[in-house]
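Colleague: Sending over a structure as structure tokens; questions will come in a sec.
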Amino acid sequence: MQSLREAIDLLVRLRGRMHRAAGRVSLDLRGEVAELVIDNPGDRHAMTLGMMEDLGRSVLRLTEWRGSVVILRSSSREAFCSGAHLDQVREALLDKEKARHMAEAMTTVMDGLLALPQVSVAVVSGPAVGGGAELCTATDHRVFHAGGWVQFRQAALGVGAGWGGARRLLHHVPSRVALRWLTTAGRIDARLAGRVGFADVVTEEDPHKAARDLVAPLLALPAAGVRTVKAQLAYARLGSARERDVDAFVSTWGGPDHRKALGLPDPSPH
């Protein structure tokens with residue numbers, strides 16, 4: 001099984017000599033609550049390869065942090081994350097071998113986020129689409145602004161979930177709900193997310209404050225106790241199906257339906 005350090009190295013090699021595109025994922029450890037911030041507002045917080053590296057390094061740092069709570073959010077309320085940056089997908093990742101490396105690395109990073117000894121909360125404002133929806137499955141809790149929504153669009157693109165999101169979704173909603181969300185590729189609004197338990201809180205007010213309120217009782221307890229219990233649950237929750245998950249994704253990546261969805265020609269002879 002790939003380690004976080006190996007996943008980061010793999011993402012670095014994938015980017016190679018490509019110019020680092022705009023966007024960052026930053027980690028602030030100065031307070032009681034760690035703040036993990038996705039920052040690429042010009043592209044609805046789409047994840048470039050450089051941002052994937054940032055996320056991996058941040059998760060690795062959090063494995064050593066002694067606090068008990070992590071909040072994951074975007075830097076603006078317009079969107080949470082719109083998945084992988086499409087220009088970089090077209091330029092660097094459409095090759096199946098590169099897609100496999102990206103999927104393996106990002107699955108490791110997101111599983112690592114969910115496996116952290118801290119309790120994690122995603123703040124979903126605006127859309128969380130594709131890989132952004134998968135990122136929502138990599139935290140323990142979710143707080144939605146009333147205007148937030150998620151959409152697992154992968155099936156509409158002719159592929160499956162590439163970052164382990166299908167498997168992790170089963171930890172958060174019943175299997176029949178996960179099946180419907182993943183196969184219909186439709187929008188799941190905040191109200192529906194709350195009704196099935198995917199959203200712990202839905203608010204018309206500031207969702208970041210609502211996330212802080214949600215974790216406030218944890219901060220009143222010894223951090224070591226919270227971390228130990230969370231680690232015990234994480235061990236039980238994350239199974240060993242990662243390799244088959246990646247295989248299923250790669251089998252459709254770059255196929256005719258996927259290329260059509262990306263506006264690319266079909267290379268097969270006619």
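Chain labels run A, B, ... following the order of the structure tokens; each chain numbers its residues from 1, and ligands are numbered from 1 in the order shown.
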Applying 9 Å and only C-alpha atoms, which residues near region 193-198 of chain A remain after dropping the ones on its own chain fewer than 3 positions away? List them as a list in words.
Modeller: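 Non-adjacent residues within range: Thr137, His141, Arg142, Phe144, Trp149, Val150, Leu169, His172, Val173, Pro174, Val177, Ile188, Asp189, Ala190, Val201 and Val202 of chain A.
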Colleague: Using only C-alpha atoms, which protein or nucleic acid residues come within 12 Å of Leu179 (chain A)? Drop anything in the same chain fewer than 6 positions from it, and give the result as a list in words.
Modeller: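 Final neighbour list, sorted by chain and number: Phe152, Ala155, Gly160, Gly165, Ala166, Arg167, Leu169, Leu170, Val173, Ala185 and Gly186 of chain A.
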Colleague: Neighbouring residues of Val109 (chain A) were defined as those with any atom within 6 Å, considering only C-alpha atoms; residues of the same chain fewer than 3 positions away were excluded. Please report them as a list of chain:residue names.
Modeller: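 The residues satisfying every condition are A:Gly56, A:Met106, A:Gly112.
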Colleague: May I have the selected residues written with N, CA and C atoms, as a short mmCIF file (atom, residue, chain, number, x, y, z; two decimals), in the first residue's frame?
Modeller:
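Result saved to result.cif:
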data_model
loop_
_atom_site.label_atom_id
_atom_site.label_comp_id
_atom_site.auth_asym_id
_atom_site.auth_seq_id
_atom_site.Cartn_x
_atom_site.Cartn_y
_atom_site.Cartn_z
N GLY A 56 -1.39 16.79 -0.34
CA GLY A 56 -0.65 15.65 0.21
C GLY A 56 0.32 16.07 1.30
N MET A 106 -3.84 10.32 -5.40
CA MET A 106 -4.92 11.09 -4.77
C MET A 106 -5.80 10.23 -3.89
N GLY A 112 -5.80 9.16 3.42
CA GLY A 112 -4.98 9.66 4.52
C GLY A 112 -5.67 10.76 5.29
#
Colleague: For a test of reading the model, state the distance in Å between CA of His85 (chain A) and CA of Thr48 (chain A), rounded to one decimal.
Modeller: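 CA of Thr48 (chain A) lies 5.1 Å from CA of His85 (chain A).
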Colleague: Just want the 12 Å neighbourhood of Pro207 (chain A), counted on only C-alpha atoms, with same-chain residues fewer than 3 positions away dropped. Output as an MDAnalysis selection string.
Modeller: chainID A and resid 71:74 76:77 80 121:126 142:148 190 199:204 210:214
Colleague: Just give me the gap between CA of Ala22 (chain A) and CA of Arg61 (chain A) in Å, one decimal is fine.
Modeller: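 Result for CA of Ala22 (chain A) versus CA of Arg61 (chain A): 22.3 Å, one decimal.
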Colleague: Could you check the closest approach to Arg5 (chain A) for each of A:Leu219, A:Ala34, A:Leu29, A:Val59 and tell me which residue wins, using only C-alpha atoms?
Modeller: A:Val59
Colleague: Using only C-alpha atoms, which of A:Arg176, A:Thr139, A:Ala46, A:Glu205 sits nearest Asp87 (chain A)?
Modeller: A:Ala46
Colleague: Check region 10-196 of chain A with DSSP on the backbone and list each residue it calls alpha helix (DSSP H), as JSON, numbers by chain.
Modeller: {"A": [10, 11, 12, 13, 14, 15, 49, 50, 51, 52, 53, 54, 55, 56, 57, 58, 59, 60, 61, 62, 86, 87, 88, 96, 97, 98, 99, 100, 101, 102, 103, 104, 105, 106, 107, 108, 109, 110, 111, 112, 113, 114, 131, 132, 133, 134, 135, 136, 165, 166, 167, 168, 169, 175, 176, 177, 178, 179, 180, 181, 182, 183, 184, 190, 191, 192, 193, 194, 195]}
Colleague: Can you tell me, as a list in words, what residues are no more than 9 Å from Gly23 (chain A) when counting only C-alpha atoms, ignoring any on the same chain fewer than 6 positions away?
Modeller: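 Returned residues: Ile38, Asp39, Asn40, Pro41, Gly42, Asp43, His45, Ala46, Met47, Thr48, Gly50 and Met51 of chain A.
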Colleague: May I ask which of the residues A:Met52, A:Ala133, A:Leu233, A:Leu4 is the closest one to Arg20 (chain A), counting only C-alpha atoms?
Modeller: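 The shortest atom-to-atom distance to Arg20 (chain A) comes from A:Met52.
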Colleague: Can you measure CA of Thr108 (chain A) to CA of Ala7 (chain A) for me? One decimal in Å is fine.
Modeller: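 We find that CA of Thr108 (chain A) and CA of Ala7 (chain A) lie 6.5 Å from each other.
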Colleague: Taking the DSSP secondary structure from the backbone, can you list the residues of region 58-203 of chain A that are strand (DSSP E), as number ranges by chain?
Modeller: A: 69-74, 119-124, 127-129, 141-145, 149-151, 187-189, 201-203
